[in-house]
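Enquirer: One structure, as structure tokens, below. Some questions next.
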Amino acid sequence: MGKKRVIMYKSQDYPPALLTLRRKRSALIEKISRIEKEEEEILQQLTKSQREEEHKKQQILQGIKHFTFNEYAQIVIGTCVFGIPAIFSPDMWDILPRVNVMFLFYIHLFFLACVFLALNYEFRDDFNLNASFLKLLAKRFYYVYFSVAMVVVLLLTLLDKLAYHLTMLEITKNFISTQSVGLFGAVTFSFLKKD
Amino acid sequence: MKNKKKHPDITFLLAYTKKNMLLGGLGTLLGYLFYTFVLHQQSLSKDIKTLYWIVYCGGFLLFLLTSIIAYQSTHTLTGRDGAGRIAGRRGLFTFTIMTIIILALLVLTKMISWQTPFLVFLQHFFSLLIVSTFFALPLDYGIAALIEREKSKR
């Protein structure tokens with residue numbers, strides 16, 4: 001069994017190749033430590049921006065979640081301010097008997113989709129829908145729809161468009177068309193308030 | 001020091017889950033069957049104003065009942081998450097589900113059509129709402145509470 005020969009050098013007697021290797025090694029270690037430092041800084045910035053993003057998301061969530069009395073009042077005012085001129089104009093009621101109820105219904109569905117997107121934009125400043133907000137947005141949309149419906153029923157009763165002698169077809173047409181107008185009024189008002 | 005009265009934990013009653021929705025729907029269906037086979041003629045013969053009063057007073061009583069349940073859980077009647085606010089929201093969900101199912105049943109069984117007068121529709125609708133409430137609410141609140149109690153026992 002042969003013994004391993006270990007050659008010991010004094011620092012001044014280092015061979016040039018070994019010296020170059022040592023220099024390269026220390027340069028590499030320096031580079032690695034610099035990269036690690038940079039990485040740490042980037043990670044810190046990332047966590048900060050992540051925290052900010054999370055905070056922003058929480059704020060949006062709270063905004064969508066709580067439907068306050070103040071917002072209800074704004075919806076009522078929006079419906080009245082923008083809806084009443086259209087609802088009180090005789091042209092609208094002249095056209096309605098000639099329009100097919102299913103056509104009105106499809107238009108109403110399209111308007112509902114638009115209002116849903118507008119609500120999404122109002123809270124998130126983004127037109128793309130986010131799955132985590134969908135449930136809360138749907139709930140809010142439901143509250144808005146119901147608030148507008150309450151005003152619309154009152155206005156229709158005032159105009160005698162919900163009379164007992166009318167048929168279901170006429171009542172449905174009256175309600176769907178007025179509800180669409182009222183919804184647009186409510187959403188427009190909230191947009192104006194935001195800007 | 002006086003011992004504080006311990007309120008029962010009934011927070012789960014305030015959440016409106018799919019289970020509550022299903023039980024409420026089932027109650028409405030039972031109410032509809034009861035209305036169609038037992039009460040149909042009696043309800044229609046009632047004056048519309050009487051029906052309005054029954055619905056309004058019933059709705060108010062239900063609101064009070066839900067407020068009491070919510071108060072037991074939140075210990076507050078006012079504020080952002082006060083009992084009144086929660087009760088109103090909770091009642092609104094039940095009411096909507098009942099309304100949708102009643103409308104669907106009325107249309108599917110051809111009890112109303114496009115040419116039906118609005119008065120007849122309102123009579124059917126209010127009568128059904130009153131009858132269905134007696135079935136839907138005990139199922140919605142009661143059975144859901146029983147299921148939750150059994151689950152917590154295990």
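Chain labels A, B, ... are given in the sequence in which chains occur in the structure tokens; within each chain residues are numbered consecutively from 1, and ligands are likewise numbered from 1 in the order shown.
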Would you list the contacts of B:Ile48 as a list in words, taking every protein, DNA or RNA residue within 9 Å and counting only C-alpha atoms, but skipping same-chain residues closer than 4 positions in sequence?

Expert: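 Here the qualifying residues turn out to be Leu44, Tyr52, Trp53, Leu119, Leu122, Gln123 and Phe126 of chain B.
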
Enquirer: Generate a file of the selected residues that holds C-alpha atoms, formatted as a CSV table (one decimal), in the first residue's frame.

Expert:
```csv
chain,number,residue,atom,x,y,z
B,44,LEU,CA,-108.0,33.2,-3.8
B,52,TYR,CA,-101.0,42.6,1.6
B,53,TRP,CA,-101.5,43.1,5.3
B,119,LEU,CA,-104.3,40.8,-9.6
B,122,LEU,CA,-100.5,38.7,-6.8
B,123,GLN,CA,-103.2,36.7,-5.1
B,126,PHE,CA,-99.0,36.3,-1.7
```

Enquirer: When you look at A:Thr188 with a cut-off of 8 Å (counting only C-alpha atoms), what residues show up, excluding the ones that are within fewer than 4 positions of it in the same chain? I need them as a list of chain:residue names.

Expert: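 Residues near the query, excluding close chain neighbours: A:Gly78, A:Phe184, A:Leu192.
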
Enquirer: For chain A, which residues have at least one atom within 9 Å of chain B, if we go by only C-alpha atoms? Write them as a ChimeraX atom specification, please.

Expert: /A:66,68,162-172

Enquirer: In Å to one decimal, how far is atom CA of B:Leu26 from atom CA of B:Leu39?

Expert: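 One can read the atom CA of B:Leu39 to atom CA of B:Leu26 distance as 18.5 Å.
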
Enquirer: Write out as a PyMOL selection string which residues come within 12 Å of B:Leu103 when counting only C-alpha atoms, dropping same-chain ones fewer than 2 positions away.

Expert: chain B and resi 28-29+32+96-101+105-113+121-122+124-126+128-129

Enquirer: Pick out each residue of chain A that DSSP on the backbone tags as alpha helix (DSSP H); I need them as a ChimeraX atom specification.

Expert: /A:16-65,69-78,84-88,90-95,101-124,131-158,168-194

Enquirer: So, with only C-alpha atoms as the atoms that count, which of A:Thr20, A:Gln44, A:Lys65, A:Leu28 lies closest to A:Lys139?

Expert: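 Ranking A:Thr20, A:Gln44, A:Lys65, A:Leu28 by distance to A:Lys139, first place goes to A:Lys65.
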